[in-house]
>>> print(open('start-v5.cif').read())   # mmCIF, C-alpha atoms and all ligand atoms
data_protein
#
loop_
_atom_site.group_PDB
_atom_site.id
_atom_site.type_symbol
_atom_site.label_atom_id
_atom_site.label_comp_id
_atom_site.auth_asym_id
_atom_site.auth_seq_id
_atom_site.Cartn_x
_atom_site.Cartn_y
_atom_site.Cartn_z
ATOM 1 C CA MET J 221 -14.920 -99.774 7.483
ATOM 2 C CA VAL J 222 -16.159 -103.377 7.542
ATOM 3 C CA ARG J 223 -15.457 -105.958 10.187
ATOM 4 C CA LEU J 224 -16.493 -109.599 10.372
ATOM 5 C CA LEU J 225 -16.385 -111.161 13.816
ATOM 6 C CA GLY J 226 -16.653 -114.905 14.309
ATOM 7 C CA VAL J 227 -18.613 -115.316 11.081
ATOM 8 C CA GLY J 228 -19.873 -118.802 10.308
ATOM 9 C CA LYS J 229 -22.079 -120.101 7.527
ATOM 10 C CA ARG J 230 -23.942 -123.346 7.066
ATOM 11 C CA TYR J 231 -26.351 -124.071 4.231
ATOM 12 C CA GLY J 232 -29.353 -125.946 5.631
ATOM 13 C CA ARG J 233 -28.221 -128.898 7.705
ATOM 14 C CA GLY J 234 -24.950 -129.301 5.814
ATOM 15 C CA ARG J 235 -21.485 -129.042 7.312
ATOM 16 C CA PRO J 236 -20.249 -125.500 8.077
ATOM 17 C CA VAL J 237 -18.861 -123.791 4.978
ATOM 18 C CA LEU J 238 -17.298 -120.936 7.014
ATOM 19 C CA THR J 239 -16.052 -121.185 10.602
ATOM 20 C CA GLY J 240 -15.079 -118.340 12.942
ATOM 21 C CA VAL J 241 -14.022 -115.883 10.246
ATOM 22 C CA ASP J 242 -12.556 -112.634 11.632
ATOM 23 C CA LEU J 243 -11.722 -110.063 8.971
ATOM 24 C CA GLU J 244 -11.205 -106.328 9.104
ATOM 25 C CA ILE J 245 -11.231 -104.251 5.924
ATOM 26 C CA PRO J 246 -10.062 -100.678 6.580
ATOM 27 C CA ARG J 247 -10.429 -97.839 4.046
ATOM 28 C CA GLY J 248 -8.039 -97.764 1.117
ATOM 29 C CA ARG J 249 -7.093 -101.445 1.320
ATOM 30 C CA VAL J 250 -7.178 -104.206 -1.241
ATOM 31 C CA VAL J 251 -7.809 -107.622 0.266
ATOM 32 C CA GLY J 252 -7.265 -110.801 -1.758
ATOM 33 C CA VAL J 253 -8.710 -114.166 -0.760
ATOM 34 C CA VAL J 254 -7.199 -117.277 -2.311
ATOM 35 C CA GLY J 255 -8.146 -120.915 -1.857
ATOM 36 C CA THR J 256 -9.182 -124.053 -3.648
ATOM 37 C CA ASN J 257 -12.588 -124.747 -5.275
ATOM 38 C CA GLY J 258 -15.296 -125.064 -2.672
ATOM 39 C CA SER J 259 -13.199 -123.667 0.206
ATOM 40 C CA GLY J 260 -15.808 -120.960 0.920
ATOM 41 C CA LYS J 261 -14.463 -117.863 -0.869
ATOM 42 C CA SER J 262 -17.676 -116.978 -2.729
ATOM 43 C CA THR J 263 -19.707 -117.581 0.413
ATOM 44 C CA LEU J 264 -17.508 -115.093 2.281
ATOM 45 C CA LEU J 265 -17.864 -112.512 -0.507
ATOM 46 C CA ARG J 266 -21.652 -112.907 -0.622
ATOM 47 C CA ILE J 267 -21.734 -112.151 3.116
ATOM 48 C CA LEU J 268 -19.482 -109.104 2.630
ATOM 49 C CA ALA J 269 -21.702 -107.932 -0.241
ATOM 50 C CA ARG J 270 -24.719 -108.382 2.049
ATOM 51 C CA VAL J 271 -26.533 -110.682 -0.351
ATOM 52 C CA SER J 272 -26.233 -113.549 2.149
ATOM 53 C CA GLU J 273 -26.599 -113.595 5.929
ATOM 54 C CA PRO J 274 -24.097 -115.368 8.162
ATOM 55 C CA SER J 275 -25.410 -118.222 10.328
ATOM 56 C CA ALA J 276 -23.133 -117.109 13.185
ATOM 57 C CA GLY J 277 -21.136 -114.031 14.147
ATOM 58 C CA THR J 278 -21.586 -110.405 13.131
ATOM 59 C CA VAL J 279 -20.883 -108.079 10.213
ATOM 60 C CA GLU J 280 -20.136 -104.490 11.270
ATOM 61 C CA GLY J 281 -20.157 -101.462 8.970
ATOM 62 C CA THR J 282 -22.566 -100.179 6.331
ATOM 63 C CA PRO J 283 -20.506 -99.109 3.329
ATOM 64 C CA SER J 284 -22.058 -98.643 -0.101
ATOM 65 C CA ILE J 285 -21.197 -101.768 -2.067
ATOM 66 C CA GLY J 286 -20.434 -102.665 -5.666
ATOM 67 C CA TYR J 287 -20.537 -106.430 -6.194
ATOM 68 C CA VAL J 288 -19.601 -108.622 -9.130
ATOM 69 C CA PRO J 289 -20.585 -112.265 -8.503
ATOM 70 C CA ASP J 290 -18.480 -115.077 -9.959
ATOM 71 C CA ARG J 291 -21.036 -115.442 -12.747
ATOM 72 C CA PHE J 292 -22.688 -112.227 -13.811
ATOM 73 C CA PRO J 293 -26.348 -113.055 -14.583
ATOM 74 C CA ALA J 294 -26.521 -112.029 -18.225
ATOM 75 C CA SER J 295 -30.141 -112.887 -18.950
ATOM 76 C CA THR J 296 -31.601 -109.401 -19.420
ATOM 77 C CA ARG J 297 -32.889 -108.246 -22.843
ATOM 78 C CA MET J 298 -31.307 -104.821 -22.366
ATOM 79 C CA THR J 299 -28.241 -103.477 -24.093
ATOM 80 C CA ALA J 300 -25.143 -102.987 -21.945
ATOM 81 C CA VAL J 301 -25.541 -99.217 -21.835
ATOM 82 C CA GLY J 302 -29.328 -99.461 -21.351
ATOM 83 C CA TYR J 303 -28.778 -101.745 -18.375
ATOM 84 C CA LEU J 304 -26.198 -99.429 -16.804
ATOM 85 C CA ARG J 305 -28.420 -96.391 -17.447
ATOM 86 C CA HIS J 306 -31.300 -98.174 -15.713
ATOM 87 C CA LEU J 307 -29.147 -99.069 -12.673
ATOM 88 C CA GLY J 308 -27.554 -95.630 -12.592
ATOM 89 C CA ARG J 309 -30.933 -93.923 -12.498
ATOM 90 C CA ILE J 310 -32.132 -96.149 -9.663
ATOM 91 C CA SER J 311 -28.970 -95.270 -7.709
ATOM 92 C CA GLY J 312 -29.155 -91.552 -8.558
ATOM 93 C CA VAL J 313 -25.929 -91.368 -10.601
ATOM 94 C CA SER J 314 -26.064 -87.944 -12.299
ATOM 95 C CA ASP J 315 -23.850 -88.356 -15.389
ATOM 96 C CA VAL J 316 -24.755 -91.993 -15.894
ATOM 97 C CA ASP J 317 -24.551 -92.085 -19.721
ATOM 98 C CA SER J 318 -21.063 -90.658 -19.966
ATOM 99 C CA ARG J 319 -19.797 -92.723 -17.020
ATOM 100 C CA ALA J 320 -21.263 -95.931 -18.464
ATOM 101 C CA ALA J 321 -19.796 -95.238 -21.912
ATOM 102 C CA ALA J 322 -16.396 -94.399 -20.404
ATOM 103 C CA LEU J 323 -16.281 -97.603 -18.331
ATOM 104 C CA LEU J 324 -17.421 -99.848 -21.198
ATOM 105 C CA GLY J 325 -14.979 -98.137 -23.566
ATOM 106 C CA ARG J 326 -12.120 -98.602 -21.155
ATOM 107 C CA LEU J 327 -12.940 -102.278 -20.714
ATOM 108 C CA ALA J 328 -13.241 -102.591 -24.531
ATOM 109 C CA LEU J 329 -16.615 -104.310 -24.467
ATOM 110 C CA ALA J 330 -16.947 -106.346 -27.691
ATOM 111 C CA GLY J 331 -19.837 -105.061 -29.793
ATOM 112 C CA GLY J 332 -19.726 -101.684 -28.060
ATOM 113 C CA PRO J 333 -22.089 -100.215 -25.478
ATOM 114 C CA ARG J 334 -25.192 -101.141 -27.492
ATOM 115 C CA ALA J 335 -24.404 -104.866 -27.435
ATOM 116 C CA PRO J 336 -27.384 -106.893 -26.097
ATOM 117 C CA ILE J 337 -26.299 -108.369 -22.757
ATOM 118 C CA ARG J 338 -27.898 -111.758 -23.518
ATOM 119 C CA GLN J 339 -25.596 -112.249 -26.485
ATOM 120 C CA LEU J 340 -22.359 -111.483 -24.646
ATOM 121 C CA SER J 341 -19.644 -114.047 -23.936
ATOM 122 C CA LYS J 342 -18.760 -114.813 -20.294
ATOM 123 C CA GLY J 343 -15.833 -112.383 -20.297
ATOM 124 C CA ASN J 344 -17.819 -109.579 -21.917
ATOM 125 C CA ALA J 345 -20.735 -110.082 -19.529
ATOM 126 C CA GLN J 346 -18.141 -109.897 -16.734
ATOM 127 C CA LYS J 347 -17.071 -106.496 -18.082
ATOM 128 C CA VAL J 348 -20.659 -105.210 -17.866
ATOM 129 C CA GLY J 349 -20.763 -106.590 -14.312
ATOM 130 C CA LEU J 350 -17.606 -104.652 -13.456
ATOM 131 C CA ALA J 351 -18.948 -101.452 -15.000
ATOM 132 C CA GLN J 352 -22.179 -101.923 -13.046
ATOM 133 C CA ALA J 353 -20.238 -102.321 -9.763
ATOM 134 C CA LEU J 354 -18.050 -99.258 -10.409
ATOM 135 C CA LEU J 355 -20.790 -96.944 -11.675
ATOM 136 C CA THR J 356 -21.728 -95.635 -8.236
ATOM 137 C CA ASP J 357 -18.162 -95.236 -6.860
ATOM 138 C CA PRO J 358 -18.899 -97.635 -3.979
ATOM 139 C CA ASP J 359 -17.065 -97.568 -0.627
ATOM 140 C CA LEU J 360 -16.456 -101.310 -0.941
ATOM 141 C CA LEU J 361 -15.910 -103.143 -4.212
ATOM 142 C CA VAL J 362 -16.480 -106.904 -3.909
ATOM 143 C CA LEU J 363 -15.161 -108.907 -6.870
ATOM 144 C CA ASP J 364 -15.559 -112.675 -7.078
ATOM 145 C CA GLU J 365 -12.842 -114.111 -9.337
ATOM 146 C CA PRO J 366 -12.736 -110.970 -11.467
ATOM 147 C CA TRP J 367 -9.827 -112.187 -13.634
ATOM 148 C CA SER J 368 -11.524 -115.370 -14.779
ATOM 149 C CA GLY J 369 -12.776 -115.036 -18.331
ATOM 150 C CA LEU J 370 -11.086 -111.681 -19.009
ATOM 151 C CA ASP J 371 -8.609 -111.317 -21.879
ATOM 152 C CA PRO J 372 -5.050 -110.053 -21.150
ATOM 153 C CA ALA J 373 -5.857 -106.450 -22.158
ATOM 154 C CA ALA J 374 -8.785 -106.388 -19.743
ATOM 155 C CA HIS J 375 -6.522 -107.872 -17.018
ATOM 156 C CA GLY J 376 -4.455 -104.680 -17.165
ATOM 157 C CA VAL J 377 -7.538 -102.436 -17.040
ATOM 158 C CA LEU J 378 -8.919 -104.401 -14.082
ATOM 159 C CA GLY J 379 -5.632 -103.878 -12.213
ATOM 160 C CA GLU J 380 -5.868 -100.129 -12.882
ATOM 161 C CA LEU J 381 -9.499 -99.975 -11.753
ATOM 162 C CA ILE J 382 -8.643 -101.774 -8.505
ATOM 163 C CA ALA J 383 -5.718 -99.407 -7.851
ATOM 164 C CA GLN J 384 -7.848 -96.319 -8.598
ATOM 165 C CA THR J 385 -10.576 -97.553 -6.264
ATOM 166 C CA ARG J 386 -7.978 -97.974 -3.513
ATOM 167 C CA ASP J 387 -6.438 -94.564 -4.248
ATOM 168 C CA ARG J 388 -9.748 -92.754 -3.794
ATOM 169 C CA GLY J 389 -9.925 -94.268 -0.284
ATOM 170 C CA ALA J 390 -12.406 -97.054 -1.024
ATOM 171 C CA SER J 391 -11.644 -100.725 -0.388
ATOM 172 C CA VAL J 392 -11.613 -103.772 -2.616
ATOM 173 C CA VAL J 393 -12.031 -107.438 -1.756
ATOM 174 C CA PHE J 394 -11.421 -110.001 -4.467
ATOM 175 C CA THR J 395 -11.002 -113.747 -4.775
ATOM 176 C CA ALA J 396 -8.469 -115.471 -6.994
ATOM 177 C CA HIS J 397 -7.045 -118.934 -7.481
ATOM 178 C CA ASP J 398 -3.566 -117.670 -8.220
ATOM 179 C CA GLU J 399 -1.682 -116.543 -5.092
ATOM 180 C CA GLU J 400 0.924 -114.664 -7.135
ATOM 181 C CA LEU J 401 -1.774 -112.662 -8.920
ATOM 182 C CA ALA J 402 -3.408 -111.918 -5.568
ATOM 183 C CA GLN J 403 -0.101 -110.767 -4.039
ATOM 184 C CA GLN J 404 0.435 -108.531 -7.055
ATOM 185 C CA HIS J 405 -2.804 -106.579 -6.546
ATOM 186 C CA ALA J 406 -3.651 -106.857 -2.840
ATOM 187 C CA THR J 407 -2.332 -105.067 0.242
ATOM 188 C CA GLN J 408 -3.150 -108.178 2.242
ATOM 189 C CA VAL J 409 -3.765 -111.725 1.052
ATOM 190 C CA TYR J 410 -5.705 -114.343 3.012
ATOM 191 C CA ARG J 411 -5.965 -118.043 2.319
ATOM 192 C CA MET J 412 -9.269 -119.842 2.796
ATOM 193 C CA THR J 413 -8.894 -123.496 3.741
ATOM 194 C CA GLU J 414 -12.092 -125.459 4.323
ATOM 195 C CA GLY J 415 -13.906 -122.380 5.611
ATOM 196 C CA VAL J 416 -11.071 -121.160 7.853
ATOM 197 C CA LEU J 417 -9.451 -117.843 6.882
ATOM 198 C CA ARG J 418 -5.774 -117.203 7.631
ATOM 199 C CA VAL J 419 -3.375 -114.438 6.627
ATOM 200 C CA SER J 420 -1.155 -115.641 3.839
ATOM 201 C CA ALA J 421 2.507 -114.957 4.567
ATOM 202 C CA GLY J 422 2.927 -112.661 1.574
ATOM 203 C CA GLY J 423 6.468 -113.705 0.785
ATOM 204 C CA PRO J 424 7.441 -116.315 -1.768
ATOM 205 C CA MET J 425 5.414 -119.507 -1.576
ATOM 206 C CA VAL J 426 6.651 -123.066 -2.148
ATOM 207 C CA ARG J 427 4.582 -126.020 -3.381
ATOM 208 C CA ILE J 428 5.193 -129.327 -1.585
ATOM 209 C CA VAL J 429 3.712 -132.663 -2.643
ATOM 210 C CA LEU J 430 3.635 -135.425 -0.020
ATOM 211 C CA ARG J 431 2.455 -139.017 0.064
ATOM 212 C CA GLY J 432 1.257 -140.641 3.238
ATOM 213 C CA SER J 433 -1.696 -141.645 5.317
ATOM 214 C CA GLY J 434 -3.578 -140.381 8.328
ATOM 215 C CA ASP J 435 -4.647 -136.859 9.234
ATOM 216 C CA VAL J 436 -3.097 -133.850 7.546
ATOM 217 C CA PRO J 437 -1.776 -131.671 10.394
ATOM 218 C CA TRP J 438 -0.876 -128.699 8.136
ATOM 219 C CA ARG J 439 -4.436 -127.443 7.608
ATOM 220 C CA THR J 440 -3.640 -123.836 6.720
ATOM 221 C CA GLU J 441 -1.215 -124.907 4.013
ATOM 222 C CA LEU J 442 -3.408 -127.603 2.478
ATOM 223 C CA VAL J 443 -4.270 -127.069 -1.180
ATOM 224 C CA SER J 444 -5.639 -130.458 -2.117
ATOM 225 C CA ARG J 445 -5.789 -134.057 -0.986
ATOM 226 C CA ASP J 446 -6.211 -136.878 -3.424
ATOM 227 C CA GLY J 447 -6.097 -140.199 -1.598
ATOM 228 C CA ALA J 448 -2.598 -140.648 -0.221
ATOM 229 C CA GLN J 449 -1.261 -137.607 -2.079
ATOM 230 C CA VAL J 450 -1.353 -134.186 -0.499
ATOM 231 C CA GLU J 451 -0.388 -130.835 -1.988
ATOM 232 C CA LEU J 452 0.561 -127.915 0.260
ATOM 233 C CA VAL J 453 1.499 -124.309 -0.495
ATOM 234 C CA VAL J 454 3.836 -123.125 2.224
ATOM 235 C CA PRO J 455 5.527 -119.761 2.902
ATOM 236 C CA ALA J 456 9.211 -120.173 1.954
ATOM 237 C CA ASP J 457 10.379 -119.599 5.515
ATOM 238 C CA ARG J 458 8.279 -122.533 6.788
ATOM 239 C CA VAL J 459 9.378 -125.091 4.204
ATOM 240 C CA ASP J 460 12.174 -126.695 6.243
ATOM 241 C CA LYS J 461 9.948 -127.028 9.296
ATOM 242 C CA VAL J 462 7.056 -128.575 7.318
ATOM 243 C CA LEU J 463 9.383 -131.015 5.492
ATOM 244 C CA LEU J 464 11.057 -132.119 8.736
ATOM 245 C CA ASP J 465 7.697 -132.502 10.418
ATOM 246 C CA ALA J 466 6.341 -134.491 7.439
ATOM 247 C CA LEU J 467 9.327 -136.895 7.394
ATOM 248 C CA GLN J 468 9.099 -137.435 11.154
ATOM 249 C CA ARG J 469 5.422 -138.325 10.754
ATOM 250 C CA GLY J 470 6.300 -140.931 8.119
ATOM 251 C CA TRP J 471 5.176 -138.999 5.009
ATOM 252 C CA SER J 472 7.246 -139.196 1.804
ATOM 253 C CA VAL J 473 8.196 -136.019 -0.040
ATOM 254 C CA LEU J 474 7.290 -136.377 -3.754
ATOM 255 C CA GLY J 475 8.213 -132.873 -4.844
ATOM 256 C CA VAL J 476 9.193 -129.372 -3.793
ATOM 257 C CA THR J 477 8.704 -126.537 -6.303
ATOM 258 C CA ARG J 478 10.094 -123.120 -5.506
HETATM 259 N N1 LIG J 501 -26.529 -122.046 -1.932
HETATM 260 C C1 LIG J 501 -25.843 -123.082 -1.478
HETATM 261 N N2 LIG J 501 -26.466 -124.157 -0.942
HETATM 262 C C2 LIG J 501 -25.784 -125.208 -0.458
HETATM 263 N N3 LIG J 501 -24.434 -125.305 -0.485
HETATM 264 C C3 LIG J 501 -23.755 -124.292 -1.020
HETATM 265 C C4 LIG J 501 -24.406 -123.120 -1.551
HETATM 266 N N4 LIG J 501 -23.464 -122.262 -2.000
HETATM 267 C C5 LIG J 501 -22.265 -122.869 -1.773
HETATM 268 N N5 LIG J 501 -22.445 -124.064 -1.188
HETATM 269 C C6 LIG J 501 -21.376 -124.993 -0.765
HETATM 270 O O1 LIG J 501 -20.470 -124.272 0.050
HETATM 271 C C7 LIG J 501 -19.140 -124.688 -0.194
HETATM 272 C C8 LIG J 501 -18.291 -123.467 -0.493
HETATM 273 O O2 LIG J 501 -18.729 -122.915 -1.732
HETATM 274 P P1 LIG J 501 -18.148 -121.551 -2.299
HETATM 275 O O3 LIG J 501 -18.851 -121.282 -3.593
HETATM 276 O O4 LIG J 501 -18.226 -120.515 -1.236
HETATM 277 O O5 LIG J 501 -16.605 -121.934 -2.539
HETATM 278 P P2 LIG J 501 -15.490 -121.215 -3.409
HETATM 279 O O6 LIG J 501 -14.245 -121.248 -2.586
HETATM 280 O O7 LIG J 501 -15.967 -119.885 -3.867
HETATM 281 O O8 LIG J 501 -15.326 -122.186 -4.643
HETATM 282 P P3 LIG J 501 -14.907 -121.874 -6.183
HETATM 283 O O9 LIG J 501 -13.442 -121.542 -6.165
HETATM 284 O O10 LIG J 501 -15.207 -123.171 -6.870
HETATM 285 O O11 LIG J 501 -15.791 -120.742 -6.661
HETATM 286 C C9 LIG J 501 -19.201 -125.717 -1.309
HETATM 287 O O12 LIG J 501 -19.147 -126.994 -0.732
HETATM 288 C C10 LIG J 501 -20.545 -125.463 -1.947
HETATM 289 O O13 LIG J 501 -21.067 -126.653 -2.478
#
>>> encode(input="start-v5.cif", output="structure tokens")
Amino acid sequence: MVRLLGVGKRYGRGRPVLTGVDLEIPRGRVVGVVGTNGSGKSTLLRILARVSEPSAGTVEGTPSIGYVPDRFPASTRMTAVGYLRHLGRISGVSDVDSRAAALLGRLALAGGPRAPIRQLSKGNAQKVGLAQALLTDPDLLVLDEPWSGLDPAAHGVLGELIAQTRDRGASVVFTAHDEELAQQHATQVYRMTEGVLRVSAGGPMVRIVLRGSGDVPWRTELVSRDGAQVELVVPADRVDKVLLDALQRGWSVLGVTR
């Protein structure tokens, strides 16, 4: 349904934020993208949502899109239901009032559907953002860190909404910081490392902390580097190889957490 080929992104004259990203999102799939702060996840999602153009490569496919950015802009004077009604009418949604009320009810929006959006907390504004993205039954639902700011009850509802979207044959792409959470909800999980996207192994992951100097040769596994200390998240079946390789290169192993 959507395919990115060799997608790159650079803001102004800065260093590339995305490099050679190939990604195919077929119908009925849920794709999770994990990675550290600043690795390029939101940039990738903005390109998928068509609110940003890539600097290199191509984006194929023209699905209808529902997009929730990492921070839903909650500056409007409208009420939640008024805002959804307005958007629904622009998009030609026929039963917009009942759909909006049902979505907001399900997400348990604090203050109810007539709550003024400007007065909502981050999590509640996020719920209006989700309702807005789902209102039109899009072919592709793009969710940037949808779990952040949501309370545990809403976590469950979000999981159900993602599964229902998948079950009606649409696709979902989301970002998350927590690999386990991503594996729980996605059919396929990718890891973004400094703008390079790789399939994440999917099996159990192991955290390794090393101390050493010089280049880090395990780029796809790199989570963070703080001076001489490096943290990697490695698929369990690669742990022995990475540890052996690290010791041979003169790194010390500070910790292994399974
Ligand atoms: N509009 C912009 N102009 C210039 N640089 C930008 C812009 N948007 C993002 N960047 C830079 O691109 C890099 C990747 O940012 P991005 O928001 O895509 O990362 P992220 O993985 O989503 O991070 P986080 O987990 O913190 O949300 C960062 O270095 C960021 O500073």
>>> axis_aligned_box(input="start-v5.cif", around="ligand LIG 501 (chain J)", padding_each_side="8 Å", output="AutoDock Vina command-line options")
--center_x -20.0 --center_y -123.4 --center_z -3.4 --size_x 29.1 --size_y 23.1 --size_z 22.9
>>> residues_around(input="start-v5.cif", residues="segment 325-331 of chain J", least_positions_apart="4", cutoff="8 Å", atoms="only C-alpha atoms", output="MDAnalysis selection string")
chainID J and resid 321 335 344 347:348 374 377
>>> closest_atom_pairs(input="start-v5.cif", of="chain J", to="ligand LIG 501 (chain J)", cutoff="9 Å", atoms="only C-alpha atoms and all ligand atoms", output="CSV")
residue,atom,partner,partner_atom,distance
J:Lys229,CA,J:LIG501,O1,8.7
J:Arg230,CA,J:LIG501,N3,7.8
J:Tyr231,CA,J:LIG501,C2,4.9
J:Gly232,CA,J:LIG501,C2,7.1
J:Gly234,CA,J:LIG501,N3,7.5
J:Arg235,CA,J:LIG501,O12,8.6
J:Pro236,CA,J:LIG501,O1,8.1
J:Val237,CA,J:LIG501,O1,5.2
J:Leu238,CA,J:LIG501,C8,8.0
J:Val254,CA,J:LIG501,O6,8.1
J:Gly255,CA,J:LIG501,O6,6.2
J:Thr256,CA,J:LIG501,O9,5.5
J:Asn257,CA,J:LIG501,O9,3.4
J:Gly258,CA,J:LIG501,O5,3.4
J:Ser259,CA,J:LIG501,O6,3.8
J:Gly260,CA,J:LIG501,O4,3.3
J:Lys261,CA,J:LIG501,O6,3.8
J:Ser262,CA,J:LIG501,O7,3.6
J:Thr263,CA,J:LIG501,O4,3.7
J:Leu264,CA,J:LIG501,O4,6.5
J:Leu265,CA,J:LIG501,O4,8.0
J:Arg266,CA,J:LIG501,O4,8.4
J:Asp290,CA,J:LIG501,O11,7.1
J:Asp364,CA,J:LIG501,O7,7.9
J:Glu365,CA,J:LIG501,O11,7.7
J:Thr395,CA,J:LIG501,O7,7.9
J:Ala396,CA,J:LIG501,O9,7.9
J:His397,CA,J:LIG501,O9,7.0
J:Met412,CA,J:LIG501,O6,7.5
J:Thr413,CA,J:LIG501,O6,8.6
J:Glu414,CA,J:LIG501,C8,8.1
J:Gly415,CA,J:LIG501,C8,7.6
>>> write_last_selection(input="start-v5.cif", atoms="C-alpha atoms", output="JSON list (two decimals), in the frame of the given file")
[["chain", "number", "residue", "atom", "x", "y", "z"],
["J", 229, "LYS", "CA", -22.08, -120.10, 7.53],
["J", 230, "ARG", "CA", -23.94, -123.35, 7.07],
["J", 231, "TYR", "CA", -26.35, -124.07, 4.23],
["J", 232, "GLY", "CA", -29.35, -125.95, 5.63],
["J", 234, "GLY", "CA", -24.95, -129.30, 5.81],
["J", 235, "ARG", "CA", -21.48, -129.04, 7.31],
["J", 236, "PRO", "CA", -20.25, -125.50, 8.08],
["J", 237, "VAL", "CA", -18.86, -123.79, 4.98],
["J", 238, "LEU", "CA", -17.30, -120.94, 7.01],
["J", 254, "VAL", "CA", -7.20, -117.28, -2.31],
["J", 255, "GLY", "CA", -8.15, -120.92, -1.86],
["J", 256, "THR", "CA", -9.18, -124.05, -3.65],
["J", 257, "ASN", "CA", -12.59, -124.75, -5.28],
["J", 258, "GLY", "CA", -15.30, -125.06, -2.67],
["J", 259, "SER", "CA", -13.20, -123.67, 0.21],
["J", 260, "GLY", "CA", -15.81, -120.96, 0.92],
["J", 261, "LYS", "CA", -14.46, -117.86, -0.87],
["J", 262, "SER", "CA", -17.68, -116.98, -2.73],
["J", 263, "THR", "CA", -19.71, -117.58, 0.41],
["J", 264, "LEU", "CA", -17.51, -115.09, 2.28],
["J", 265, "LEU", "CA", -17.86, -112.51, -0.51],
["J", 266, "ARG", "CA", -21.65, -112.91, -0.62],
["J", 290, "ASP", "CA", -18.48, -115.08, -9.96],
["J", 364, "ASP", "CA", -15.56, -112.68, -7.08],
["J", 365, "GLU", "CA", -12.84, -114.11, -9.34],
["J", 395, "THR", "CA", -11.00, -113.75, -4.78],
["J", 396, "ALA", "CA", -8.47, -115.47, -6.99],
["J", 397, "HIS", "CA", -7.04, -118.93, -7.48],
["J", 412, "MET", "CA", -9.27, -119.84, 2.80],
["J", 413, "THR", "CA", -8.89, -123.50, 3.74],
["J", 414, "GLU", "CA", -12.09, -125.46, 4.32],
["J", 415, "GLY", "CA", -13.91, -122.38, 5.61]]
>>> atom_distance(input="start-v5.cif", atom1="atom CA of Val288 of chain J", atom2="atom CA of Leu350 of chain J")
6.2 Å
>>> atom_distance(input="start-v5.cif", atom1="atom CA of Gly240 of chain J", atom2="atom CA of Gly228 of chain J")
5.5 Å
>>> closest_residue(input="start-v5.cif", among="J:His405, J:Leu225, J:Pro366, J:Ile337", to="Glu380 of chain J", atoms="all atoms listed in the file")
J:His405
>>> closest_residue(input="start-v5.cif", among="J:Leu467, J:Val429, J:Gly281, J:Val392", to="Gln449 of chain J", atoms="only C-alpha atoms")
J:Val429
>>> atom_distance(input="start-v5.cif", atom1="atom CA of Val450 of chain J", atom2="atom CA of Leu474 of chain J")
9.5 Å
>>> closest_residue(input="start-v5.cif", among="J:Gln339, J:Arg478, J:Gly332, J:Val253", to="Tyr410 of chain J", atoms="only C-alpha atoms")
J:Val253
>>> residues_around(input="start-v5.cif", residues="Thr407 of chain J", least_positions_apart="4", cutoff="9 Å", atoms="only C-alpha atoms", output="VMD selection string")
chain J and resid 249 to 252 403
>>> residues_near_point(input="start-v5.cif", point="(7.4, -140.1, 3.4)", cutoff="12 Å", atoms="only C-alpha atoms", output="ChimeraX atom specification")
/J:429-433,448-450,463-475
>>> closest_residue(input="start-v5.cif", among="J:Thr282, J:Ala406, J:Thr239, J:Lys342", to="Asp371 of chain J", atoms="all atoms listed in the file")
J:Lys342
